[in-house]
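Accompanying notes for the structure given below.
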Amino acid sequence: MAPAPSTYTEFSRLLHWLIAALIVLQYVLANLAENAPGDLAELAMLAKHKSVGMTILMLAIVRLGWRFRAGAPPLPATMSRWQARLAAGTHGLLYALLFALPLSGWLLSSSAAFSVSWFNLFSFPDLVSPSKANTHFYHDVHEVCAKLLFLLALLHIIAAVKHAVVDKDGVLRRMLSWVSVGVFVVALAAGILLLGRHDNGATEPVHTSAGEPVAGNGLTLPPSTLTPWTVDSARSEIRFSGDQAGAPFSGTWPNWHGTIRFDPENLSQSQAEIVVDTATPATGNPDRDATMTGSDWFDSTRYPTATYRSADIRADGDGYVAEGELTIRDMRYPLSLRFSYSTAHGEHILDGSTSIDRLAIGLGTGDWVDTSWVGQMVPVTFHVIGR
C-alpha cells in the first residue's frame, strides 16, 4: 500500500469546500421556499433546491471515489483515542448524510408525483410510485437528515476551530487553500444571487393562434339520425400531460361523460359532445390538483365543467379529424382533434390526441403565465370504448 498522504490534495479541498457551499445554499433555498410569496414562487424555489441537492449527490459520489483513490492524511498522534474515534464517526456520518439527504429528497419527490429535474435541463427517473403514505414518511426522513446534518456540521466546525486555535496541530490547514476557500465564497455568493431570486428564469410565453374566443354557451349540435354510443367509462380515458419545473407529469380526468354518434360511412351525421368535471383532476399529487381547480386555472367552483362539441368530422389520411369548440370557463375556443377508429368484439374504439395552448385558452393566469416553470403546451390523448 502507498503511504498515507501528509495533506489533502487540492482536488479534495475543492470538493470539500464546494459541497460545503452548496449545503449552506440548500438551507437558504429551503427557507426561501417556505416563505415564498406565492405557489409559483414556492414551486420554482423548490425546483432549484432539488437541482442543487442532486448536484450535491453527484459531487458526493465523486468525492467518495476520490477519497478511496487519494486517501486521507492520518490524524495527529497527539489526539486521544476517544477524539480520534469521534472524528472518524463524525466524518462517516457526514459522508452518509451527503447521500441520505438528497436521496430522501429524491424519494420524497417521486412519491409525491413530482419528478426531479436538474435545472430544467433533464429529468431524473422516479425511484418509487406515487404514494401519500410514503410521501409523509420520506418527508420526515428528509427533515431528520437535514437537522442531523446541521448538528454534525456545527460539531465539525467547532472541532476544526479547536484544532486551529487550541491544539495548533495543523489539522485545519490540511484542508485549506486560497483556491478552495475562494471556491466556497464564490459558489455560495453566486448561488444566492442566481438562485435566490423569485423571478429567476422567467420565460415569455410563445404566442400561438388558437382562434378568437367567443363568449356564450357553446356550439349547439344539430339533430342526428345516428344512435349514440353507450360509452364504457371504466375502460375509457382522457389523459393529459405537462411540464412542471423541467420535469414531465401526467394526469387524467376521471369524471366525464359524453354523447358520441360516429359512423365512418355517415360522417355528415357524426358528432360528439364530451363534458369534463374540472373539479376532479388526478395527477397523483393533491397540491397540484388543488392548484388546477383554483381561480388561476379552471376556477372549478364557478365553472365546474368544460365541454367539447363537434359536428364537423371528416376523413383525413388513415384517420379522422373533428373540428369543434372547447367551452371552458365562459369562453369558447376552436379545437381540432385527430383520431383513429376501429372495432373489436362488437365495440367501437376511438384513439386520438390534440395539443392545447393553455395560455391561449386562459389557463394559468397571474404568475403562472411564466412558462419556465409550467409548460405552455398541454398534450391531450383519449381512448374511448363504446357500443
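Lettering and numbering for the C-alpha cells are positional, with chains as A, B, ... in the shown order, residues counted from 1 in each chain, and ligands counted from 1 in the shown order.
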
- Compile the contact shell of Thr230 of chain A as a PyMOL selection string: residues with an atom at most 7 Å away, counting only C-alpha atoms, same-chain residues fewer than 2 positions apart removed. chain A and resi 228+232+386-387

Would you save the residues of that selection, restricted to C-alpha atoms, as a compact mmCIF listing (two decimals), in the first residue's frame?
# COMPACT_ATOMS: atom_id res chain seq x y z
CA PRO A 228 -75.49 7.41 -29.66
CA ASP A 232 -67.77 2.32 -21.25
CA GLY A 386 -68.43 2.29 -26.75
CA ARG A 387 -71.20 0.05 -28.01

- Message: Report as a PyMOL selection string all protein, DNA and RNA residues lying within 7 Å of segment 346-351 of chain A, evaluated on only C-alpha atoms, omitting residues in the same chain fewer than 3 positions from it.
- Response: chain A and resi 339-343+382-387

- Message: Which residues are near Ala41 of chain A? Cut-off 12 Å, only C-alpha atoms, ignore same chain within fewer than 3 positions. Put them as a PyMOL selection string.
- Response: chain A and resi 29+32-38+44-48+195-202+245+366-368+370+372-374

- Task: Provide the atom CA of Thr9 of chain A to atom CA of Arg69 of chain A distance in Å, to one decimal place.
- Result: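 That distance, rounded to one decimal, is 11.0 Å.
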
Considering only C-alpha atoms, tabulate each residue of segment 115-195 of chain A that lies at most 9 Å from segment 279-299 of chain A along with its nearest interatomic pair and the corresponding distance in Å to one decimal; arrange the rows by chain and ascending residue number and present them as a Markdown table.
| residue | atom | partner | partner_atom | distance |
| --- | --- | --- | --- | --- |
| A:Pro130 | CA | A:Gly284 | CA | 6.2 |
| A:Ser131 | CA | A:Gly284 | CA | 8.0 |
| A:Lys132 | CA | A:Asn285 | CA | 8.3 |

- Message: Please report the interatomic distance between atom CA of Leu103 of chain A and atom CA of Tyr138 of chain A in Å with one decimal.
- Response: 9.6 Å

Identify, with DSSP run on backbone atoms, the residues in segment 91-181 of chain A assigned to strand (DSSP E), and express the list as a PDB file with N, CA and C atoms, in the first residue's frame.
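Saved the output as selection36.pdb:
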ATOM      1  N   SER A 117     -36.036  17.410 -11.765  1.00  0.00           N
ATOM      2  CA  SER A 117     -35.243  17.833 -12.918  1.00  0.00           C
ATOM      3  C   SER A 117     -33.963  18.491 -12.421  1.00  0.00           C
ATOM      4  N   TRP A 118     -32.989  18.596 -13.310  1.00  0.00           N
ATOM      5  CA  TRP A 118     -31.731  19.255 -12.971  1.00  0.00           C
ATOM      6  C   TRP A 118     -31.661  20.568 -13.741  1.00  0.00           C
ATOM      7  N   PHE A 122     -32.720  18.324 -17.737  1.00  0.00           N
ATOM      8  CA  PHE A 122     -33.146  16.932 -17.916  1.00  0.00           C
ATOM      9  C   PHE A 122     -33.756  16.451 -16.601  1.00  0.00           C
ATOM     10  N   SER A 123     -34.480  15.351 -16.687  1.00  0.00           N
ATOM     11  CA  SER A 123     -35.174  14.813 -15.513  1.00  0.00           C
ATOM     12  C   SER A 123     -34.545  13.501 -15.065  1.00  0.00           C
TER      13      SER A 123
END

- Message: When you look at Val144 of chain A with a cut-off of 12 Å (counting only C-alpha atoms), what residues show up, excluding the ones that are within fewer than 6 positions of it in the same chain? I need them as a list in words.
- Response: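 Non-adjacent residues within range: Leu97, Ala100, Leu101, Ser104, Gly105, Phe137, Tyr138, Phe150 and Leu151 of chain A.
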
Atoms to include: N, CA and C atoms. Write the selected residues as a short mmCIF file (atom, residue, chain, number, x, y, z; two decimals), in the first residue's frame.
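Generated output (result_31.cif):
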data_model
loop_
_atom_site.label_atom_id
_atom_site.label_comp_id
_atom_site.auth_asym_id
_atom_site.auth_seq_id
_atom_site.Cartn_x
_atom_site.Cartn_y
_atom_site.Cartn_z
N LEU A 97 -24.68 11.22 5.24
CA LEU A 97 -25.75 12.21 5.06
C LEU A 97 -25.65 12.91 3.72
N ALA A 100 -27.70 10.39 2.00
CA ALA A 100 -29.05 10.17 2.53
C ALA A 100 -29.96 11.37 2.31
N LEU A 101 -29.43 12.58 2.44
CA LEU A 101 -30.29 13.76 2.33
C LEU A 101 -30.82 13.95 0.91
N SER A 104 -33.20 10.94 0.04
CA SER A 104 -34.52 11.02 0.67
C SER A 104 -35.37 12.10 0.01
N GLY A 105 -34.74 13.20 -0.42
CA GLY A 105 -35.47 14.22 -1.16
C GLY A 105 -35.94 13.72 -2.51
N PHE A 137 -43.68 9.74 5.01
CA PHE A 137 -42.53 9.05 5.58
C PHE A 137 -41.22 9.65 5.07
N TYR A 138 -41.10 9.82 3.75
CA TYR A 138 -39.87 10.36 3.19
C TYR A 138 -39.67 11.82 3.60
N PHE A 150 -27.13 19.47 10.02
CA PHE A 150 -26.82 20.78 10.60
C PHE A 150 -26.03 20.62 11.90
N LEU A 151 -26.46 19.69 12.77
CA LEU A 151 -25.78 19.48 14.05
C LEU A 151 -24.37 18.93 13.83
#

- What are the DSSP helix (DSSP H, G or I) residues of segment 68-159 of chain A, as JSON, numbers by chain? {"A": [68, 69, 70, 81, 82, 83, 84, 85, 86, 87, 88, 89, 90, 91, 92, 93, 94, 95, 96, 97, 98, 99, 100, 101, 102, 103, 104, 105, 106, 107, 108, 109, 110, 111, 132, 133, 134, 135, 136, 137, 138, 139, 140, 141, 142, 143, 144, 145, 146, 147, 148, 149, 150, 151, 152, 153, 154, 155, 156, 157, 158, 159]}

- Query: Neighbours of segment 258-267 of chain A within 7 Å (only C-alpha atoms; same-chain residues fewer than 2 positions away dropped), as a list in words?
  - Reply: Leu226, Thr227, Pro228, Trp229, Trp256, Gln269, Ser270, Gln271, Ala272, Glu273, Ile274, Val275, Ile313 and Arg314 of chain A

- Query: Taking only C-alpha atoms into account, which of A:Tyr27, A:Tyr320, A:Trp82, A:Phe11 comes nearest Lys147 of chain A?
  - Reply: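 Residue with the minimum atom-to-atom distance to Lys147 of chain A: A:Tyr27.
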